[in-house]
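For reference, protein.pdb (PDB, C-alpha atoms, pLDDT in the B column):
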ATOM      1  CA  MET G   1     -42.769  18.288  52.114  1.00 46.00           C
ATOM      2  CA  ALA G   2     -45.211  18.483  55.012  1.00 47.00           C
ATOM      3  CA  SER G   3     -43.772  18.983  58.458  1.00 47.00           C
ATOM      4  CA  SER G   4     -44.421  16.205  60.923  1.00 62.00           C
ATOM      5  CA  ASN G   5     -42.465  13.732  62.975  1.00 82.00           C
ATOM      6  CA  LEU G   6     -42.873  11.295  60.069  1.00 88.00           C
ATOM      7  CA  CYS G   7     -40.890  13.527  57.656  1.00 93.00           C
ATOM      8  CA  HIS G   8     -37.186  12.920  57.532  1.00 96.00           C
ATOM      9  CA  LYS G   9     -34.041  13.370  55.518  1.00 97.00           C
ATOM     10  CA  ILE G  10     -30.975  11.137  55.381  1.00 97.00           C
ATOM     11  CA  GLU G  11     -27.871  11.763  53.353  1.00 98.00           C
ATOM     12  CA  THR G  12     -24.401  10.480  52.615  1.00 98.00           C
ATOM     13  CA  ASP G  13     -21.335  11.220  50.522  1.00 98.00           C
ATOM     14  CA  VAL G  14     -19.450   8.774  48.321  1.00 98.00           C
ATOM     15  CA  GLU G  15     -15.979   9.553  47.010  1.00 97.00           C
ATOM     16  CA  ILE G  16     -15.397   8.173  43.512  1.00 98.00           C
ATOM     17  CA  LYS G  17     -12.663   8.367  40.858  1.00 97.00           C
ATOM     18  CA  ALA G  18     -14.916   9.205  37.892  1.00 97.00           C
ATOM     19  CA  SER G  19     -15.616  12.841  37.085  1.00 96.00           C
ATOM     20  CA  ALA G  20     -18.732  14.584  38.371  1.00 97.00           C
ATOM     21  CA  GLN G  21     -19.914  15.044  34.786  1.00 96.00           C
ATOM     22  CA  GLN G  22     -19.455  11.352  33.941  1.00 96.00           C
ATOM     23  CA  PHE G  23     -21.382  10.225  37.015  1.00 97.00           C
ATOM     24  CA  HIS G  24     -24.172  12.768  36.535  1.00 96.00           C
ATOM     25  CA  ASP G  25     -24.503  11.793  32.876  1.00 95.00           C
ATOM     26  CA  MET G  26     -25.305   8.189  33.870  1.00 94.00           C
ATOM     27  CA  PHE G  27     -28.404   9.279  35.803  1.00 90.00           C
ATOM     28  CA  TRP G  28     -29.260  12.256  33.609  1.00 90.00           C
ATOM     29  CA  ASN G  29     -28.908  10.997  30.037  1.00 92.00           C
ATOM     30  CA  ARG G  30     -28.271   7.278  30.374  1.00 92.00           C
ATOM     31  CA  PRO G  31     -30.157   5.804  33.343  1.00 93.00           C
ATOM     32  CA  HIS G  32     -30.997   2.841  31.105  1.00 91.00           C
ATOM     33  CA  HIS G  33     -27.228   2.063  31.161  1.00 94.00           C
ATOM     34  CA  VAL G  34     -26.953   1.991  34.975  1.00 95.00           C
ATOM     35  CA  SER G  35     -27.802  -1.715  34.929  1.00 94.00           C
ATOM     36  CA  ASN G  36     -24.653  -2.312  32.825  1.00 94.00           C
ATOM     37  CA  ALA G  37     -22.614  -1.136  35.821  1.00 95.00           C
ATOM     38  CA  CYS G  38     -24.477  -2.988  38.569  1.00 95.00           C
ATOM     39  CA  ASP G  39     -26.753  -5.646  37.105  1.00 94.00           C
ATOM     40  CA  ASP G  40     -26.923  -7.445  40.450  1.00 96.00           C
ATOM     41  CA  LYS G  41     -28.674  -4.386  41.929  1.00 97.00           C
ATOM     42  CA  ILE G  42     -30.309  -2.483  39.052  1.00 97.00           C
ATOM     43  CA  HIS G  43     -31.961  -4.674  36.426  1.00 97.00           C
ATOM     44  CA  GLY G  44     -33.187  -1.948  34.118  1.00 96.00           C
ATOM     45  CA  CYS G  45     -34.647   1.499  33.685  1.00 96.00           C
ATOM     46  CA  GLU G  46     -37.460   2.041  31.202  1.00 96.00           C
ATOM     47  CA  LEU G  47     -38.532   5.389  29.802  1.00 97.00           C
ATOM     48  CA  LEU G  48     -42.329   5.596  30.165  1.00 98.00           C
ATOM     49  CA  GLU G  49     -42.918   9.254  29.234  1.00 97.00           C
ATOM     50  CA  GLY G  50     -40.869  12.155  27.931  1.00 96.00           C
ATOM     51  CA  ASP G  51     -37.254  12.055  26.801  1.00 95.00           C
ATOM     52  CA  TRP G  52     -34.054  10.822  28.445  1.00 92.00           C
ATOM     53  CA  GLY G  53     -32.218  13.731  30.011  1.00 88.00           C
ATOM     54  CA  ASN G  54     -35.225  16.001  30.504  1.00 93.00           C
ATOM     55  CA  ALA G  55     -37.095  17.095  33.588  1.00 95.00           C
ATOM     56  CA  GLY G  56     -40.592  15.658  33.489  1.00 97.00           C
ATOM     57  CA  ALA G  57     -39.464  12.306  32.094  1.00 96.00           C
ATOM     58  CA  ILE G  58     -41.047   9.333  33.839  1.00 97.00           C
ATOM     59  CA  VAL G  59     -38.919   6.227  34.306  1.00 97.00           C
ATOM     60  CA  LEU G  60     -39.488   2.797  35.788  1.00 98.00           C
ATOM     61  CA  TRP G  61     -36.563   1.298  37.706  1.00 98.00           C
ATOM     62  CA  HIS G  62     -36.284  -2.471  38.268  1.00 98.00           C
ATOM     63  CA  TYR G  63     -33.951  -3.291  41.155  1.00 98.00           C
ATOM     64  CA  THR G  64     -33.150  -5.713  43.958  1.00 97.00           C
ATOM     65  CA  HIS G  65     -33.021  -4.280  47.485  1.00 96.00           C
ATOM     66  CA  ASP G  66     -32.812  -6.267  50.718  1.00 94.00           C
ATOM     67  CA  GLY G  67     -32.933  -9.487  48.688  1.00 95.00           C
ATOM     68  CA  GLU G  68     -36.238  -8.670  46.959  1.00 96.00           C
ATOM     69  CA  ARG G  69     -36.919  -7.604  43.385  1.00 97.00           C
ATOM     70  CA  LYS G  70     -38.693  -4.246  43.378  1.00 98.00           C
ATOM     71  CA  VAL G  71     -39.864  -1.443  41.102  1.00 98.00           C
ATOM     72  CA  ALA G  72     -40.019   2.332  41.395  1.00 98.00           C
ATOM     73  CA  LYS G  73     -41.844   4.609  38.981  1.00 98.00           C
ATOM     74  CA  GLU G  74     -40.211   8.034  39.233  1.00 98.00           C
ATOM     75  CA  VAL G  75     -40.442  11.430  37.624  1.00 98.00           C
ATOM     76  CA  VAL G  76     -37.291  13.407  36.937  1.00 97.00           C
ATOM     77  CA  GLU G  77     -38.318  16.425  38.960  1.00 97.00           C
ATOM     78  CA  ALA G  78     -35.292  18.632  38.342  1.00 96.00           C
ATOM     79  CA  VAL G  79     -31.983  18.578  36.491  1.00 95.00           C
ATOM     80  CA  ASP G  80     -29.167  21.060  37.040  1.00 96.00           C
ATOM     81  CA  GLU G  81     -26.521  20.318  34.437  1.00 94.00           C
ATOM     82  CA  ALA G  82     -24.158  23.043  35.675  1.00 95.00           C
ATOM     83  CA  ASN G  83     -24.117  21.557  39.188  1.00 97.00           C
ATOM     84  CA  ASN G  84     -24.323  17.898  38.100  1.00 97.00           C
ATOM     85  CA  SER G  85     -27.488  17.297  40.099  1.00 97.00           C
ATOM     86  CA  ILE G  86     -30.739  15.478  39.465  1.00 97.00           C
ATOM     87  CA  THR G  87     -33.862  14.972  41.572  1.00 97.00           C
ATOM     88  CA  PHE G  88     -36.255  12.027  41.280  1.00 98.00           C
ATOM     89  CA  ARG G  89     -39.674  11.858  42.958  1.00 98.00           C
ATOM     90  CA  VAL G  90     -41.097   8.367  43.443  1.00 98.00           C
ATOM     91  CA  LEU G  91     -44.642   8.149  42.088  1.00 98.00           C
ATOM     92  CA  GLU G  92     -45.461   4.451  42.453  1.00 98.00           C
ATOM     93  CA  GLY G  93     -43.877   1.164  43.397  1.00 98.00           C
ATOM     94  CA  ASP G  94     -42.599  -0.732  46.390  1.00 98.00           C
ATOM     95  CA  LEU G  95     -41.387   2.334  48.321  1.00 97.00           C
ATOM     96  CA  MET G  96     -44.881   3.797  48.301  1.00 97.00           C
ATOM     97  CA  LYS G  97     -46.101   0.860  50.409  1.00 97.00           C
ATOM     98  CA  GLU G  98     -44.292   2.446  53.380  1.00 96.00           C
ATOM     99  CA  TYR G  99     -43.757   6.084  52.448  1.00 97.00           C
ATOM    100  CA  LYS G 100     -46.231   8.824  51.602  1.00 97.00           C
ATOM    101  CA  THR G 101     -43.531  10.763  49.720  1.00 97.00           C
ATOM    102  CA  PHE G 102     -40.006   9.838  48.663  1.00 98.00           C
ATOM    103  CA  VAL G 103     -37.589  12.173  46.878  1.00 98.00           C
ATOM    104  CA  ILE G 104     -34.019  11.340  45.893  1.00 98.00           C
ATOM    105  CA  HIS G 105     -31.465  14.088  45.162  1.00 98.00           C
ATOM    106  CA  ILE G 106     -28.114  13.144  43.633  1.00 98.00           C
ATOM    107  CA  GLN G 107     -25.334  15.682  43.158  1.00 98.00           C
ATOM    108  CA  ALA G 108     -21.792  15.010  41.964  1.00 98.00           C
ATOM    109  CA  THR G 109     -19.245  17.691  42.894  1.00 98.00           C
ATOM    110  CA  PRO G 110     -15.690  17.725  41.520  1.00 97.00           C
ATOM    111  CA  LYS G 111     -13.014  17.268  44.167  1.00 96.00           C
ATOM    112  CA  SER G 112     -10.824  20.307  44.782  1.00 92.00           C
ATOM    113  CA  ASP G 113      -7.713  18.500  43.537  1.00 92.00           C
ATOM    114  CA  GLY G 114      -9.464  17.718  40.241  1.00 86.00           C
ATOM    115  CA  ASN G 115      -9.253  13.944  40.729  1.00 93.00           C
ATOM    116  CA  GLY G 116     -12.694  12.371  40.877  1.00 97.00           C
ATOM    117  CA  CYS G 117     -15.732  13.691  42.701  1.00 98.00           C
ATOM    118  CA  ILE G 118     -17.951  13.438  45.735  1.00 98.00           C
ATOM    119  CA  VAL G 119     -21.440  12.077  45.103  1.00 98.00           C
ATOM    120  CA  HIS G 120     -23.928  13.469  47.604  1.00 98.00           C
ATOM    121  CA  TRP G 121     -27.147  11.476  48.032  1.00 98.00           C
ATOM    122  CA  ILE G 122     -30.139  12.926  49.872  1.00 98.00           C
ATOM    123  CA  MET G 123     -33.331  10.995  50.525  1.00 98.00           C
ATOM    124  CA  GLU G 124     -36.286  13.007  51.801  1.00 98.00           C
ATOM    125  CA  TYR G 125     -39.304  10.994  52.799  1.00 97.00           C
ATOM    126  CA  GLU G 126     -42.463  10.877  54.817  1.00 96.00           C
ATOM    127  CA  ARG G 127     -43.214   7.564  56.482  1.00 96.00           C
ATOM    128  CA  LEU G 128     -46.822   6.356  56.479  1.00 95.00           C
ATOM    129  CA  HIS G 129     -46.600   5.636  60.234  1.00 93.00           C
ATOM    130  CA  ASP G 130     -44.088   5.342  63.094  1.00 91.00           C
ATOM    131  CA  ASP G 131     -43.560   1.604  62.548  1.00 93.00           C
ATOM    132  CA  VAL G 132     -41.969   2.168  59.117  1.00 93.00           C
ATOM    133  CA  ASP G 133     -38.191   1.893  59.208  1.00 93.00           C
ATOM    134  CA  HIS G 134     -35.967   4.696  58.020  1.00 94.00           C
ATOM    135  CA  PRO G 135     -34.441   3.754  54.645  1.00 96.00           C
ATOM    136  CA  GLU G 136     -30.823   3.369  55.837  1.00 96.00           C
ATOM    137  CA  THR G 137     -30.408   0.167  53.807  1.00 97.00           C
ATOM    138  CA  LEU G 138     -31.596   2.018  50.709  1.00 97.00           C
ATOM    139  CA  LEU G 139     -29.005   4.721  51.333  1.00 97.00           C
ATOM    140  CA  GLU G 140     -26.355   1.991  51.638  1.00 97.00           C
ATOM    141  CA  PHE G 141     -27.711   0.558  48.374  1.00 98.00           C
ATOM    142  CA  ALA G 142     -27.137   3.986  46.755  1.00 97.00           C
ATOM    143  CA  VAL G 143     -23.532   3.976  48.017  1.00 98.00           C
ATOM    144  CA  ASP G 144     -22.961   0.510  46.515  1.00 97.00           C
ATOM    145  CA  VAL G 145     -24.545   1.554  43.195  1.00 97.00           C
ATOM    146  CA  SER G 146     -22.311   4.651  43.140  1.00 97.00           C
ATOM    147  CA  LYS G 147     -19.208   2.514  43.607  1.00 97.00           C
ATOM    148  CA  ASP G 148     -20.301   0.087  40.882  1.00 97.00           C
ATOM    149  CA  ILE G 149     -20.981   2.956  38.454  1.00 97.00           C
ATOM    150  CA  ASP G 150     -17.571   4.411  39.295  1.00 97.00           C
ATOM    151  CA  SER G 151     -15.828   1.100  38.513  1.00 97.00           C
ATOM    152  CA  HIS G 152     -17.754   0.867  35.247  1.00 96.00           C
ATOM    153  CA  LEU G 153     -16.945   4.454  34.219  1.00 96.00           C
ATOM    154  CA  ILE G 154     -13.246   4.298  35.001  1.00 94.00           C
ATOM    155  CA  SER G 155     -12.882   0.913  33.240  1.00 91.00           C
ATOM    156  CA  ASP G 156     -14.417   2.497  30.088  1.00 67.00           C
ATOM    157  CA  ASN G 157     -11.652   5.126  29.943  1.00 59.00           C
TER     158      ASN G 157
END

Represent the supplied structure as structure tokens.
Amino acid sequence: MASSNLCHKIETDVEIKASAQQFHDMFWNRPHHVSNACDDKIHGCELLEGDWGNAGAIVLWHYTHDGERKVAKEVVEAVDEANNSITFRVLEGDLMKEYKTFVIHIQATPKSDGNGCIVHWIMEYERLHDDVDHPETLLEFAVDVSKDIDSHLISDN
């Protein structure tokens, strides 16, 4: 990412009851099932190119953020199965109206006591100009999605 005062990174942690592997699997192999866990936020994820679960796959997310229906076309830039992490780079869609680049890293780490995990979200972005807001509400959206996925995963057990 280029260095300028328009480049930023925000991050947060979410503690959940599901295992790191279960959570990671939802974004890695089954992103098209995320809407089953939070259909009020995520309305679907379509595979446009490649295969589910592989780096290089291109997906199209349909979601509602800040009361508006939106889309994001993303490439799965990297997957680290051993560390339960995945990286998406936004290629097209509503975010690109305000950001030159937008990358989302998600990593689920098992808690030391073996009960549940910590989901670490990182959003790295470059705003198009100083008047563009930082995506704090999108980070909060990610926290809410994480909690909904957790509820869905632990109810399936």

Give me the region 56-83 of chain G side of the contact with region 2-22 of chain G, cut-off 10 Å, one line per residue showing its nearest atom pair and distance in Å at one decimal, counting all atoms listed in the file, sorted by chain and residue number, as a Markdown table.
| residue | atom | partner | partner_atom | distance |
| --- | --- | --- | --- | --- |
| G:Glu81 | CA | G:Gln21 | CA | 8.5 |
| G:Ala82 | CA | G:Gln21 | CA | 9.1 |
| G:Asn83 | CA | G:Ala20 | CA | 8.8 |

Which value, in Å to one decimal, gives the distance between CA of Glu136 (chain G) and CA of Ser151 (chain G)?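 Computing it gives 23.0 Å between the two atoms.
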
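Minimum distance to Leu60 (chain G) across G:Arg127, G:His105, G:His43, G:His120 (counting all atoms listed in the file) occurs at G:His43.
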
Padding of 3 Å on every side, edges along x, y and z, all listed atoms of region 135-146 of chain G included: what centre and edge lengths in Å, to one decimal, does that box have, as AutoDock Vina command-line options?
--center_x -28.4 --center_y 2.4 --center_z 49.5 --size_x 18.1 --size_y 10.6 --size_z 18.7

Applied to this file, what does the PyMOL selection byres ((chain G and resi 65-70) around 8) return in terms of residues, put as number ranges by chain? G: 41, 62-64, 71-72, 93-94, 137-138, 141

Could you write out the selected residues, including C-alpha atoms, as an mmCIF file, keeping the file's coordinate frame?
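Written file, again.cif:
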data_model
loop_
_atom_site.group_PDB
_atom_site.id
_atom_site.type_symbol
_atom_site.label_atom_id
_atom_site.label_comp_id
_atom_site.auth_asym_id
_atom_site.auth_seq_id
_atom_site.Cartn_x
_atom_site.Cartn_y
_atom_site.Cartn_z
ATOM 1 C CA LYS G 41 -28.674 -4.386 41.929
ATOM 2 C CA HIS G 62 -36.284 -2.471 38.268
ATOM 3 C CA TYR G 63 -33.951 -3.291 41.155
ATOM 4 C CA THR G 64 -33.150 -5.713 43.958
ATOM 5 C CA VAL G 71 -39.864 -1.443 41.102
ATOM 6 C CA ALA G 72 -40.019 2.332 41.395
ATOM 7 C CA GLY G 93 -43.877 1.164 43.397
ATOM 8 C CA ASP G 94 -42.599 -0.732 46.390
ATOM 9 C CA THR G 137 -30.408 0.167 53.807
ATOM 10 C CA LEU G 138 -31.596 2.018 50.709
ATOM 11 C CA PHE G 141 -27.711 0.558 48.374
#

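Between CA of Asp25 (chain G) and CA of Thr101 (chain G) lies a distance of 25.4 Å.
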
May I ask which of the residues G:Val34, G:Val79, G:Ile154, G:Ile42 is the closest one to Asn54 (chain G), counting only C-alpha atoms?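 Ranked by minimum distance to Asn54 (chain G), first place goes to G:Val79.
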
With a distance cut-off of 7 Å and all atoms listed in the file, select the neighbouring residues of Ile58 (chain G), excluding the residue or stretch itself and same-chain residues fewer than 6 positions from it, and output the selection as a PDB file with C-alpha atoms, in the frame of the given file.
ATOM      1  CA  LEU G  47     -38.532   5.389  29.802  1.00 97.00           C
ATOM      2  CA  LEU G  48     -42.329   5.596  30.165  1.00 98.00           C
ATOM      3  CA  GLU G  49     -42.918   9.254  29.234  1.00 97.00           C
ATOM      4  CA  GLY G  50     -40.869  12.155  27.931  1.00 96.00           C
ATOM      5  CA  GLU G  74     -40.211   8.034  39.233  1.00 98.00           C
ATOM      6  CA  VAL G  75     -40.442  11.430  37.624  1.00 98.00           C
ATOM      7  CA  VAL G  76     -37.291  13.407  36.937  1.00 97.00           C
TER       8      VAL G  76
END

Contact residues around Asp148 (chain G) with only C-alpha atoms at 9 Å, ignoring same-chain residues under 5 positions, as a list in words: Ala37, Cys38, Val143 and Leu153 of chain G

Residues within 9 Å of Pro31 (chain G), please, as a list in words. Count only C-alpha atoms; anything in the same chain fewer than 5 positions from it doesn't count.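 So, after excluding close chain neighbours, the residues are Asp25, Met26, Gly44, Cys45, Glu46, Trp52, Gly53, Val59 and Trp61 of chain G.
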
Go ahead and write the selection's residues with C-alpha atoms as an mmCIF file, keeping the file's coordinate frame.
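To be explicit, this is the file written out as selection-v7.cif:
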data_model
loop_
_atom_site.group_PDB
_atom_site.id
_atom_site.type_symbol
_atom_site.label_atom_id
_atom_site.label_comp_id
_atom_site.auth_asym_id
_atom_site.auth_seq_id
_atom_site.Cartn_x
_atom_site.Cartn_y
_atom_site.Cartn_z
ATOM 1 C CA ASP G 25 -24.503 11.793 32.876
ATOM 2 C CA MET G 26 -25.305 8.189 33.870
ATOM 3 C CA GLY G 44 -33.187 -1.948 34.118
ATOM 4 C CA CYS G 45 -34.647 1.499 33.685
ATOM 5 C CA GLU G 46 -37.460 2.041 31.202
ATOM 6 C CA TRP G 52 -34.054 10.822 28.445
ATOM 7 C CA GLY G 53 -32.218 13.731 30.011
ATOM 8 C CA VAL G 59 -38.919 6.227 34.306
ATOM 9 C CA TRP G 61 -36.563 1.298 37.706
#

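Rounded to one decimal, CA of Asp144 (chain G) and CA of Asp131 (chain G) lie 26.1 Å from each other.
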